[in-house]
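Q: start31.txt is reproduced in full below (compact mmCIF, C-alpha atoms).
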```txt
# COMPACT_ATOMS: atom_id res chain seq x y z
CA MET M 25 -100.15 69.28 -42.18
CA ALA M 26 -102.18 72.47 -42.46
CA LEU M 27 -104.96 70.85 -40.42
CA ILE M 28 -102.48 69.80 -37.72
CA ASP M 29 -101.05 73.34 -37.61
CA LEU M 30 -104.55 74.71 -37.10
CA PHE M 31 -105.37 72.13 -34.43
CA LEU M 32 -102.16 72.72 -32.45
CA SER M 33 -102.43 76.50 -32.71
CA ARG M 34 -105.80 76.24 -30.99
CA ALA M 35 -104.94 73.39 -28.61
CA VAL M 36 -101.62 74.68 -27.23
CA ARG M 37 -101.72 78.04 -25.47
CA ARG M 38 -99.73 77.33 -22.30
CA GLY M 39 -96.31 75.75 -22.65
CA VAL M 40 -94.22 75.50 -25.80
CA LEU M 41 -94.62 72.68 -28.31
CA THR M 42 -92.20 72.49 -31.24
CA LEU M 43 -93.16 70.32 -34.21
CA ILE M 44 -90.53 69.19 -36.72
CA LYS M 45 -92.36 68.25 -39.90
CA PRO M 46 -91.42 65.50 -42.38
CA ASP M 47 -89.85 68.08 -44.72
CA GLY M 48 -87.61 69.39 -41.92
CA THR M 49 -89.47 72.66 -41.37
CA THR M 50 -90.38 73.67 -37.83
CA ALA M 51 -93.50 75.14 -36.25
CA VAL M 52 -93.75 76.42 -32.68
CA PHE M 53 -97.00 76.61 -30.71
CA GLY M 54 -97.93 78.18 -27.38
CA THR M 55 -96.10 80.46 -24.97
CA ALA M 56 -93.61 79.62 -22.25
CA ASP M 57 -95.09 78.59 -18.91
CA PRO M 58 -92.85 77.67 -15.95
CA ALA M 59 -95.38 75.04 -14.87
CA ILE M 60 -95.18 73.15 -18.18
CA ARG M 61 -91.89 71.95 -19.63
CA PRO M 62 -91.32 72.56 -23.37
CA VAL M 63 -91.56 69.57 -25.69
CA THR M 64 -90.27 68.90 -29.20
CA MET M 65 -91.81 66.21 -31.39
CA ARG M 66 -91.10 65.04 -34.93
CA PHE M 67 -93.36 63.50 -37.58
CA ALA M 68 -91.48 61.01 -39.74
CA ASP M 69 -94.02 61.15 -42.58
CA ASP M 70 -97.26 62.83 -43.66
CA ARG M 71 -99.28 59.78 -42.58
CA VAL M 72 -98.77 60.74 -38.92
CA ALA M 73 -100.72 63.95 -39.46
CA ARG M 74 -103.51 62.09 -41.27
CA GLN M 75 -103.75 59.50 -38.46
CA ILE M 76 -103.99 62.17 -35.77
CA ALA M 77 -106.53 64.18 -37.73
CA ALA M 78 -108.70 61.07 -38.16
CA ASP M 79 -108.54 59.95 -34.52
CA PRO M 80 -106.29 62.09 -32.25
CA GLY M 81 -105.86 59.62 -29.38
CA LEU M 82 -105.49 56.40 -31.33
CA GLY M 83 -103.63 58.04 -34.20
CA ALA M 84 -101.00 59.61 -31.96
CA ALA M 85 -100.65 56.39 -29.96
CA GLU M 86 -100.09 54.16 -32.98
CA ALA M 87 -97.68 56.63 -34.60
CA TRP M 88 -95.73 56.71 -31.32
CA MET M 89 -95.81 52.90 -31.03
CA ASP M 90 -94.51 52.54 -34.61
CA GLY M 91 -91.70 55.05 -34.04
CA ARG M 92 -93.04 57.48 -36.67
CA LEU M 93 -93.90 60.09 -34.02
CA THR M 94 -90.79 60.72 -31.93
CA ILE M 95 -90.24 63.05 -28.99
CA ALA M 96 -87.03 64.68 -27.81
CA ASP M 97 -85.61 62.69 -24.88
CA ASP M 98 -88.55 60.27 -25.35
CA ASP M 99 -90.54 62.62 -23.11
CA LEU M 100 -93.95 61.09 -23.79
CA MET M 101 -95.28 62.16 -20.40
CA GLY M 102 -94.21 65.72 -21.12
CA LEU M 103 -96.07 65.77 -24.45
CA LEU M 104 -99.31 64.32 -23.10
CA ASP M 105 -99.13 66.53 -20.01
CA LEU M 106 -98.68 69.65 -22.14
CA ILE M 107 -101.62 68.81 -24.39
CA SER M 108 -103.96 67.83 -21.55
CA ALA M 109 -102.97 70.81 -19.37
CA ASN M 110 -104.38 73.00 -22.12
CA ASN M 111 -107.70 71.16 -22.05
CA ARG M 112 -108.45 70.59 -18.37
CA TRP M 113 -111.76 68.84 -17.75
CA GLU M 114 -113.15 71.51 -15.43
CA GLU M 115 -112.29 74.28 -17.90
CA SER M 116 -113.18 72.63 -21.20
CA LYS M 117 -116.32 73.57 -23.08
CA THR M 118 -116.25 70.39 -25.16
CA THR M 119 -115.66 66.84 -23.97
CA LEU M 120 -115.04 65.02 -27.27
CA LEU M 121 -113.54 65.96 -30.63
CA ALA M 122 -115.88 63.61 -32.47
CA GLY M 123 -119.22 64.79 -33.76
CA PRO M 124 -122.63 63.56 -32.55
CA LEU M 125 -122.91 60.82 -35.20
CA ALA M 126 -119.46 59.45 -34.35
CA ARG M 127 -120.29 59.51 -30.62
CA ALA M 128 -123.55 57.67 -31.24
CA ARG M 129 -121.72 55.07 -33.31
CA ASP M 130 -119.11 54.57 -30.59
CA ARG M 131 -121.77 54.16 -27.90
CA LEU M 132 -123.59 51.54 -29.95
CA ILE M 133 -120.45 49.55 -30.76
CA GLN M 134 -119.13 49.72 -27.22
CA SER M 135 -122.46 48.80 -25.63
CA ILE M 136 -122.29 45.56 -27.60
CA LYS M 137 -118.66 44.91 -26.67
CA ARG M 138 -119.30 45.75 -23.01
CA HIS M 139 -122.04 43.15 -22.61
CA ASN M 140 -119.38 40.92 -20.99
CA ALA M 141 -120.98 37.52 -20.79
CA ALA M 142 -118.96 35.15 -18.60
CA GLN M 143 -116.82 33.60 -21.37
CA VAL M 144 -116.11 36.99 -22.93
CA SER M 145 -115.19 38.44 -19.53
CA LYS M 146 -112.55 35.77 -18.99
CA ARG M 147 -111.04 36.41 -22.42
CA ASN M 148 -110.97 40.17 -21.84
CA VAL M 149 -109.31 39.77 -18.45
CA ALA M 150 -106.70 37.40 -19.86
CA HIS M 151 -105.79 39.97 -22.54
CA HIS M 152 -104.40 42.26 -19.84
CA TYR M 153 -103.81 40.36 -16.62
CA ASP M 154 -102.30 37.17 -18.04
CA LEU M 155 -99.27 39.04 -19.34
CA SER M 156 -95.89 38.05 -17.93
CA ALA M 157 -95.75 38.29 -14.15
CA ARG M 158 -92.29 39.76 -14.62
CA LEU M 159 -93.79 42.80 -16.38
CA TYR M 160 -95.85 43.74 -13.34
CA ASP M 161 -92.89 43.19 -11.03
CA LEU M 162 -91.00 45.83 -12.98
CA PHE M 163 -93.36 48.74 -12.27
CA LEU M 164 -95.67 47.85 -9.37
CA ASP M 165 -94.87 47.85 -5.65
CA ALA M 166 -93.68 44.65 -3.97
CA ASP M 167 -97.25 43.68 -3.02
CA ARG M 168 -98.39 44.05 -6.65
CA GLN M 169 -101.17 46.50 -5.91
CA TYR M 170 -102.46 47.27 -9.39
CA SER M 171 -104.86 50.03 -8.40
CA MET M 172 -104.77 53.55 -7.00
CA ALA M 173 -102.47 54.12 -4.04
CA TYR M 174 -103.60 56.46 -1.25
CA PHE M 175 -101.21 59.38 -0.76
CA THR M 176 -101.73 61.00 2.62
CA ASP M 177 -98.71 63.03 1.48
CA PRO M 178 -97.64 63.26 -2.21
CA GLY M 179 -94.06 62.75 -1.06
CA ARG M 180 -94.77 59.26 0.29
CA SER M 181 -93.20 56.26 -1.38
CA LEU M 182 -95.34 54.07 -3.61
CA GLU M 183 -94.97 51.19 -1.16
CA GLN M 184 -96.20 53.28 1.78
CA ALA M 185 -99.06 54.76 -0.23
CA GLN M 186 -100.24 51.31 -1.29
CA ALA M 187 -100.15 50.13 2.33
CA ASP M 188 -102.17 53.22 3.29
CA LYS M 189 -104.67 52.41 0.52
CA LYS M 190 -105.28 48.97 1.97
CA ALA M 191 -105.76 50.44 5.44
CA HIS M 192 -108.16 53.07 4.08
CA ILE M 193 -110.32 50.44 2.39
CA VAL M 194 -110.28 47.89 5.19
CA ALA M 195 -111.22 50.56 7.74
CA LYS M 196 -114.43 51.19 5.78
CA LEU M 197 -115.33 47.49 5.86
CA ALA M 198 -115.65 47.50 9.67
CA ILE M 199 -114.59 43.85 9.88
CA GLU M 200 -115.31 42.05 13.14
CA PRO M 201 -113.80 38.81 14.52
CA GLY M 202 -115.08 35.64 12.89
CA MET M 203 -116.29 37.31 9.71
CA ARG M 204 -115.92 35.97 6.17
CA VAL M 205 -114.85 38.34 3.41
CA LEU M 206 -115.21 38.01 -0.36
CA ASP M 207 -112.66 39.81 -2.54
CA ILE M 208 -114.10 40.18 -6.06
CA GLY M 209 -111.26 40.70 -8.52
CA CYS M 210 -108.55 39.78 -6.04
CA GLY M 211 -105.56 40.37 -8.31
CA TRP M 212 -102.41 38.70 -7.03
CA GLY M 213 -103.85 38.33 -3.53
CA GLY M 214 -102.37 41.33 -1.74
CA MET M 215 -105.62 42.75 -0.37
CA ALA M 216 -106.93 39.37 0.77
CA LEU M 217 -103.68 38.57 2.58
CA TYR M 218 -103.67 42.03 4.18
CA ILE M 219 -107.24 41.67 5.43
CA HIS M 220 -106.50 38.35 7.08
CA ALA M 221 -103.22 39.55 8.58
CA LYS M 222 -104.81 42.67 10.07
CA THR M 223 -108.23 41.37 11.14
CA GLY M 224 -108.02 37.56 11.31
CA ALA M 225 -111.00 37.27 8.98
CA ALA M 226 -111.24 34.37 6.54
CA VAL M 227 -111.00 35.72 3.00
CA HIS M 228 -111.98 34.19 -0.34
CA GLY M 229 -110.62 35.90 -3.43
CA ILE M 230 -111.90 35.35 -6.94
CA THR M 231 -110.33 36.23 -10.30
CA LEU M 232 -110.65 35.37 -13.98
CA SER M 233 -106.88 35.51 -14.53
CA GLU M 234 -105.08 32.17 -14.38
CA GLU M 235 -101.74 33.92 -13.82
CA GLN M 236 -103.11 35.92 -10.90
CA LEU M 237 -104.73 32.83 -9.37
CA LYS M 238 -101.47 30.88 -9.48
CA ILE M 239 -99.47 33.61 -7.78
CA ALA M 240 -102.16 34.41 -5.18
CA ARG M 241 -102.32 30.78 -4.10
CA GLU M 242 -98.54 30.56 -3.94
CA ARG M 243 -98.43 33.64 -1.72
CA ALA M 244 -101.08 32.29 0.65
CA ALA M 245 -99.20 28.98 0.93
CA ALA M 246 -95.89 30.75 1.53
CA ALA M 247 -97.49 32.79 4.32
CA GLY M 248 -98.92 29.65 5.89
CA VAL M 249 -102.51 30.88 5.64
CA ALA M 250 -103.84 28.86 2.69
CA ASP M 251 -106.59 27.47 4.94
CA LYS M 252 -107.79 30.99 5.82
CA VAL M 253 -107.09 32.89 2.59
CA THR M 254 -108.37 30.99 -0.42
CA PHE M 255 -108.60 31.84 -4.09
CA ASP M 256 -110.67 30.57 -6.99
CA LEU M 257 -110.87 31.04 -10.76
CA ILE M 258 -114.55 31.88 -11.06
CA ASP M 259 -116.87 34.56 -12.40
CA TYR M 260 -118.61 36.59 -9.69
CA ARG M 261 -121.97 35.47 -11.07
CA ALA M 262 -121.15 31.85 -10.18
CA VAL M 263 -120.11 32.46 -6.55
CA THR M 264 -122.19 30.76 -3.86
CA GLY M 265 -122.25 31.01 -0.08
CA THR M 266 -122.56 33.90 2.35
CA PHE M 267 -120.02 36.61 3.17
CA ASP M 268 -120.24 39.21 5.90
CA ARG M 269 -118.17 41.68 3.90
CA ILE M 270 -117.44 42.14 0.21
CA VAL M 271 -114.60 44.21 -1.22
CA SER M 272 -113.96 44.86 -4.89
CA VAL M 273 -111.02 46.98 -5.99
CA GLY M 274 -110.43 47.86 -9.63
CA MET M 275 -112.74 45.16 -11.00
CA PHE M 276 -115.96 47.09 -11.65
CA GLU M 277 -114.33 48.71 -14.71
CA HIS M 278 -114.54 45.25 -16.35
CA VAL M 279 -118.12 44.37 -15.41
CA GLY M 280 -119.77 45.99 -18.45
CA THR M 281 -122.65 48.43 -18.19
CA PRO M 282 -125.35 45.88 -19.13
CA GLN M 283 -124.23 43.79 -16.14
CA TYR M 284 -124.16 46.54 -13.48
CA ARG M 285 -127.54 45.62 -11.98
CA THR M 286 -126.58 41.92 -12.11
CA PHE M 287 -123.39 42.72 -10.18
CA MET M 288 -125.20 44.72 -7.49
CA ALA M 289 -127.96 42.16 -7.09
CA LYS M 290 -125.43 39.34 -6.81
CA CYS M 291 -123.45 41.17 -4.13
CA ARG M 292 -126.59 41.76 -2.10
CA ALA M 293 -127.60 38.11 -2.42
CA LEU M 294 -124.19 36.98 -1.13
CA MET M 295 -124.43 39.00 2.09
CA PRO M 296 -126.52 38.48 5.24
CA GLU M 297 -128.60 41.26 6.74
CA HIS M 298 -125.58 42.87 8.45
CA GLY M 299 -123.48 42.71 5.25
CA VAL M 300 -121.33 45.60 4.04
CA MET M 301 -119.63 46.10 0.67
CA LEU M 302 -116.89 48.52 -0.41
CA LEU M 303 -116.64 49.17 -4.14
CA HIS M 304 -113.47 50.91 -5.34
CA THR M 305 -113.42 51.88 -9.01
CA ILE M 306 -112.03 54.40 -11.45
CA GLY M 307 -114.85 56.75 -12.37
CA ARG M 308 -115.86 59.58 -14.67
CA ALA M 309 -116.24 62.99 -13.06
CA GLY M 310 -119.02 63.78 -15.53
CA GLY M 311 -121.79 61.71 -17.01
CA PRO M 312 -121.74 58.45 -18.97
CA GLY M 313 -119.33 58.28 -21.92
CA VAL M 314 -117.38 55.89 -24.10
CA THR M 315 -114.01 54.18 -23.80
CA ASP M 316 -111.32 55.83 -25.90
CA HIS M 317 -110.27 53.87 -28.97
CA PHE M 318 -106.68 53.23 -27.85
CA THR M 319 -107.71 51.71 -24.52
CA ALA M 320 -110.46 49.59 -26.06
CA LYS M 321 -108.15 48.26 -28.78
CA TYR M 322 -104.89 47.67 -26.93
CA ILE M 323 -105.37 47.73 -23.16
CA PHE M 324 -108.80 46.81 -21.77
CA PRO M 325 -111.10 45.29 -24.40
CA GLY M 326 -114.63 45.33 -23.03
CA GLY M 327 -113.61 47.75 -20.29
CA TYR M 328 -115.55 50.89 -19.37
CA ILE M 329 -115.09 53.54 -16.70
CA PRO M 330 -118.45 54.33 -15.04
CA ALA M 331 -119.95 57.64 -14.06
CA LEU M 332 -121.08 57.89 -10.45
CA SER M 333 -124.66 58.14 -11.70
CA GLU M 334 -124.30 54.74 -13.41
CA ILE M 335 -123.03 53.11 -10.23
CA LEU M 336 -125.83 54.51 -8.10
CA ARG M 337 -128.49 53.80 -10.71
CA ALA M 338 -127.40 50.15 -10.81
CA ASN M 339 -128.30 49.87 -7.12
CA GLU M 340 -131.71 51.50 -7.41
CA GLY M 341 -134.39 49.05 -6.38
CA ASN M 342 -131.76 46.66 -4.99
CA LYS M 343 -132.52 47.50 -1.36
CA MET M 344 -128.95 48.24 -0.35
CA PHE M 345 -128.18 51.53 1.39
CA VAL M 346 -125.44 53.72 -0.05
CA THR M 347 -123.75 54.49 3.24
CA ASP M 348 -120.63 56.39 2.14
CA VAL M 349 -119.21 57.91 -1.04
CA GLU M 350 -115.66 59.25 -1.34
CA VAL M 351 -114.21 60.92 -4.43
CA LEU M 352 -110.44 60.57 -4.71
CA ARG M 353 -109.07 62.97 -7.31
CA LEU M 354 -105.28 63.14 -7.62
CA HIS M 355 -104.22 59.94 -5.88
CA TYR M 356 -104.17 57.88 -9.09
CA ALA M 357 -102.17 60.58 -10.91
CA HIS M 358 -99.45 60.23 -8.26
CA THR M 359 -99.65 56.43 -8.50
CA LEU M 360 -99.37 56.37 -12.27
CA GLN M 361 -96.42 58.77 -12.23
CA HIS M 362 -94.58 56.24 -10.05
CA TRP M 363 -95.53 53.39 -12.41
CA TYR M 364 -94.47 55.41 -15.47
CA ASP M 365 -91.10 56.30 -13.94
CA ARG M 366 -90.46 52.68 -13.01
CA ALA M 367 -91.45 51.47 -16.50
CA VAL M 368 -89.07 53.98 -18.10
CA ALA M 369 -86.28 52.79 -15.81
CA ALA M 370 -87.06 49.18 -16.78
CA LYS M 371 -87.16 49.79 -20.54
CA GLN M 372 -84.51 47.22 -21.42
CA GLN M 373 -86.18 44.49 -19.37
CA ILE M 374 -89.64 45.23 -20.85
CA VAL M 375 -88.29 45.25 -24.41
CA ALA M 376 -86.54 41.94 -23.68
CA LEU M 377 -89.84 40.46 -22.43
CA TYR M 378 -91.82 41.64 -25.45
CA ASP M 379 -90.45 44.17 -27.93
CA GLU M 380 -89.98 47.91 -28.51
CA ARG M 381 -93.52 48.42 -29.80
CA PHE M 382 -95.06 46.78 -26.72
CA TYR M 383 -92.90 48.99 -24.47
CA ARG M 384 -94.08 52.09 -26.29
CA MET M 385 -97.69 50.94 -26.08
CA TRP M 386 -97.40 50.31 -22.36
CA LEU M 387 -95.76 53.67 -21.76
CA TYR M 388 -98.53 55.43 -23.69
CA TYR M 389 -101.12 53.64 -21.55
CA LEU M 390 -99.45 54.70 -18.30
CA ALA M 391 -98.76 58.28 -19.38
CA GLY M 392 -102.20 58.76 -20.92
CA SER M 393 -103.87 57.42 -17.80
CA CYS M 394 -101.75 59.66 -15.59
CA VAL M 395 -102.66 62.90 -17.37
CA SER M 396 -106.32 61.83 -17.47
CA PHE M 397 -106.32 61.97 -13.66
CA ARG M 398 -104.07 65.03 -13.49
CA HIS M 399 -106.00 67.16 -15.99
CA GLY M 400 -108.83 65.07 -17.43
CA GLY M 401 -112.16 63.84 -16.15
CA LEU M 402 -111.07 60.70 -14.31
CA VAL M 403 -111.29 60.18 -10.54
CA ASN M 404 -111.63 57.23 -8.17
CA TYR M 405 -114.83 56.43 -6.33
CA GLN M 406 -115.13 54.43 -3.14
CA VAL M 407 -118.79 53.62 -2.60
CA GLN M 408 -119.89 51.78 0.53
CA PHE M 409 -123.11 49.78 0.60
CA ALA M 410 -124.95 48.08 3.48
CA ARG M 411 -128.03 45.87 3.52
CA SER M 412 -129.21 47.26 6.85
CA ARG M 413 -129.30 50.84 8.14
CA GLU M 414 -127.95 49.52 11.45
CA ALA M 415 -124.98 47.67 9.96
CA LEU M 416 -122.52 50.56 10.51
CA PRO M 417 -122.01 53.39 13.02
CA ILE M 418 -124.04 56.50 12.21
CA THR M 419 -120.99 58.79 11.91
CA ARG M 420 -117.77 58.36 9.92
CA ASP M 421 -115.52 58.55 13.01
CA TYR M 422 -115.03 54.78 13.06
CA ILE M 423 -113.23 54.92 9.69
CA ALA M 424 -110.42 57.21 10.84
CA GLU M 425 -110.10 55.31 14.13
CA ALA M 426 -109.79 51.94 12.39
CA GLU M 427 -107.41 53.35 9.80
CA ALA M 428 -105.08 54.63 12.51
CA ARG M 429 -105.05 51.20 14.18
CA LEU M 430 -104.32 49.43 10.91
CA GLN M 431 -101.41 51.76 10.17
CA ASP M 432 -99.71 51.15 13.53
```
I need this file expressed as structure tokens, please.

A:
Amino acid sequence: MALIDLFLSRAVRRGVLTLIKPDGTTAVFGTADPAIRPVTMRFADDRVARQIAADPGLGAAEAWMDGRLTIADDDLMGLLDLISANNRWEESKTTLLAGPLARARDRLIQSIKRHNAAQVSKRNVAHHYDLSARLYDLFLDADRQYSMAYFTDPGRSLEQAQADKKAHIVAKLAIEPGMRVLDIGCGWGGMALYIHAKTGAAVHGITLSEEQLKIARERAAAAGVADKVTFDLIDYRAVTGTFDRIVSVGMFEHVGTPQYRTFMAKCRALMPEHGVMLLHTIGRAGGPGVTDHFTAKYIFPGGYIPALSEILRANEGNKMFVTDVEVLRLHYAHTLQHWYDRAVAAKQQIVALYDERFYRMWLYYLAGSCVSFRHGGLVNYQVQFARSREALPITRDYIAEAEARLQD
């Protein structure tokens, strides 16, 4: 407990954190700040302190999941927000608590796990995306957009912000009549259906999730467009044919760093000379890193969030122009706050689907992700690529003009 007291005394300066220890004694850290609500947490036993000292992120998560770390009013978001607000990425002098040997070990282990051969990729995707469809209905918007929404105003509803996200992305694709579009990592089909509805283009979506494939096909059939919007259970490396446009939203995080050049080369090979691709991915604001232990163990095995340098390096020598880069900073924080609030409201239904421990795990994932965008080093990147320098207009005006038309 002495080590935890020392850690918290240094980590919490703004906001007030009260810790109730296993013996009933209380320690208070920090000073009141109107921007940060006070939080009280309790350790049920001394093992909680040992877990957190050994691995702060994973230790706190597992203690929370097991009910041995409890928080007044179950305010998990408040606790993680308080801690992360005191260690903002742009103000922090250190990026990791672990020492150089531990970081080297993590990089080695994760580089092996992130190799993501085709069979491993399918298993990793199934771990997360083949969960009950009902779970996603409980916290996502009606279109099941499981990626960053685009908030032209933070006060917008989640549904409107997700619609604006689709318009923002499709505007960058500059789709023309008669084109064919490939959606790599199509999810439950929302983006593919939107593209066809707004542009008339034929769209082919691919996924490695059997649950997503089933629902996407059902949606296309229900909309009467199954002949124009098709879906397949296939790895991107096995796709054949030619597509005028390629879009990939929230899938690059699962590619695996050893496969980045393979991914870029494959996308180029699938497009004709006038081809354009829009890659939308969570990204690191700094340089290359490692996946935190909680996420790698419980949420996205084999997943990795790339630095912008890693994305651009993967395209070097590939003969595709990088024609536009946009860095979206707080949009995912707003999105995740909506998802967190909806998950909290749906606690009974989520517990009924799985159990209390799963609910707590899922809440930790959403809250931890939210504060990582609010205070940490996570952003979203939208990187546009083109095979030819003449494939797109030479100014960005066409994007805003197309976006306005799509939003009408």

Q: Work out how far apart CA of Ala426 (chain M) and CA of Thr347 (chain M) are and give it in Å to one decimal.

A: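 Those two atoms sit 16.9 Å apart.
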
Q: Counting only C-alpha atoms, which residue out of M:Thr266, M:Ser412, M:Asn148, M:Thr359 sits closest to Tyr170 (chain M)?

A: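 Among the listed residues, the smallest separation from Tyr170 (chain M) belongs to M:Thr359.
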
Q: Go ahead and compute the interatomic distance for CA of Asp268 (chain M) and CA of Arg204 (chain M), in Å to one decimal.

A: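 Taking CA of Asp268 (chain M) as the start and CA of Arg204 (chain M) as the end point, the length is 5.4 Å.
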
Q: Can you list every residue of region 37-117 of chain M that has an atom at most 7 Å from region 377-388 of chain M, with its nearest atom pair and the distance in Å to one decimal, using all atoms listed in the file, ordered by chain then number, as a Markdown table?

A:
```
| residue | atom | partner | partner_atom | distance |
| --- | --- | --- | --- | --- |
| M:Ala85 | CA | M:Tyr388 | CA | 6.7 |
| M:Met89 | CA | M:Arg384 | CA | 5.1 |
| M:Asp90 | CA | M:Arg381 | CA | 6.4 |
```

Q: Which distance in Å separates CA of Tyr174 (chain M) and CA of Pro330 (chain M), to one decimal?

A: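 Atom-to-atom, CA of Tyr174 (chain M) and CA of Pro330 (chain M) are spaced 20.4 Å apart.
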
Q: Which is closest to Pro417 (chain M) among M:Val300, M:Val52, M:Leu159, M:Leu332, if we use all atoms listed in the file?

A: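 Looking only at the distances to Pro417 (chain M), the closest residue turns out to be M:Val300.
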
Q: Extract, using all atoms listed in the file, all DNA, RNA and protein residues at most 10 Å from Val227 (chain M), discarding same-chain residues fewer than 5 positions from it, and format them as a ChimeraX atom specification.

A: /M:203-207,215-220,250-255,267,269-270

Q: Using all atoms listed in the file for the distances, tell me which of M:Pro325, M:Gly81, M:Pro312, M:Gly401 is nearest to Tyr153 (chain M).

A: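 Counting all atoms listed in the file, the residue closest to Tyr153 (chain M) is M:Pro325.
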
Q: Which is closer to Gly310 (chain M) than all the others in M:Tyr364, M:Gly211, M:Gly280, M:Glu114, using all atoms listed in the file?

A: M:Glu114

Q: List as a ChimeraX atom specification the protein and nucleic acid residues near Leu232 (chain M), meaning an atom at most 7 Å away when all atoms listed in the file are counted, but skip any in the same chain fewer than 5 places from it.

A: /M:146,149,257-259

Q: Compile the contact shell of Ser116 (chain M) as a list of chain:residue names: residues with an atom at most 12 Å away, counting only C-alpha atoms, same-chain residues fewer than 6 positions apart removed.

A: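 Here the answer would be M:Ala35, M:Ser108, M:Ala109, M:Asn110, M:His399, M:Gly400, M:Gly401.
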
Q: Have a look at M:Asn339, M:Gln283, M:Thr223, M:Thr305 and name the one nearest to Glu200 (chain M); count all atoms listed in the file.

A: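 The closest residue to Glu200 (chain M) is M:Thr223.
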
Q: Just checking: using all atoms listed in the file, which residue out of M:Asp421, M:Asp69, M:Asp29, M:Glu235 ends up closest to Thr50 (chain M)?

A: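 Selected residue with least distance to Thr50 (chain M): M:Asp29.
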
Q: Residues within 10 Å of Gly265 (chain M), please, as a PDB file with C-alpha atoms, in the frame of the given file. Count all atoms listed in the file; anything in the same chain fewer than 6 positions from it doesn't count.

A:
```
ATOM      1  CA  LEU M 206    -115.210  38.010  -0.360  1.00  0.00           C
ATOM      2  CA  ALA M 293    -127.600  38.110  -2.420  1.00  0.00           C
ATOM      3  CA  LEU M 294    -124.190  36.980  -1.130  1.00  0.00           C
ATOM      4  CA  MET M 295    -124.430  39.000   2.090  1.00  0.00           C
TER       5      MET M 295
END
```

Q: Near Asp256 (chain M), within 7 Å and counting only C-alpha atoms, which residues show up once chain neighbours fewer than 6 positions away are dropped, as a VMD selection string?

A: chain M and resid 229 to 231 237
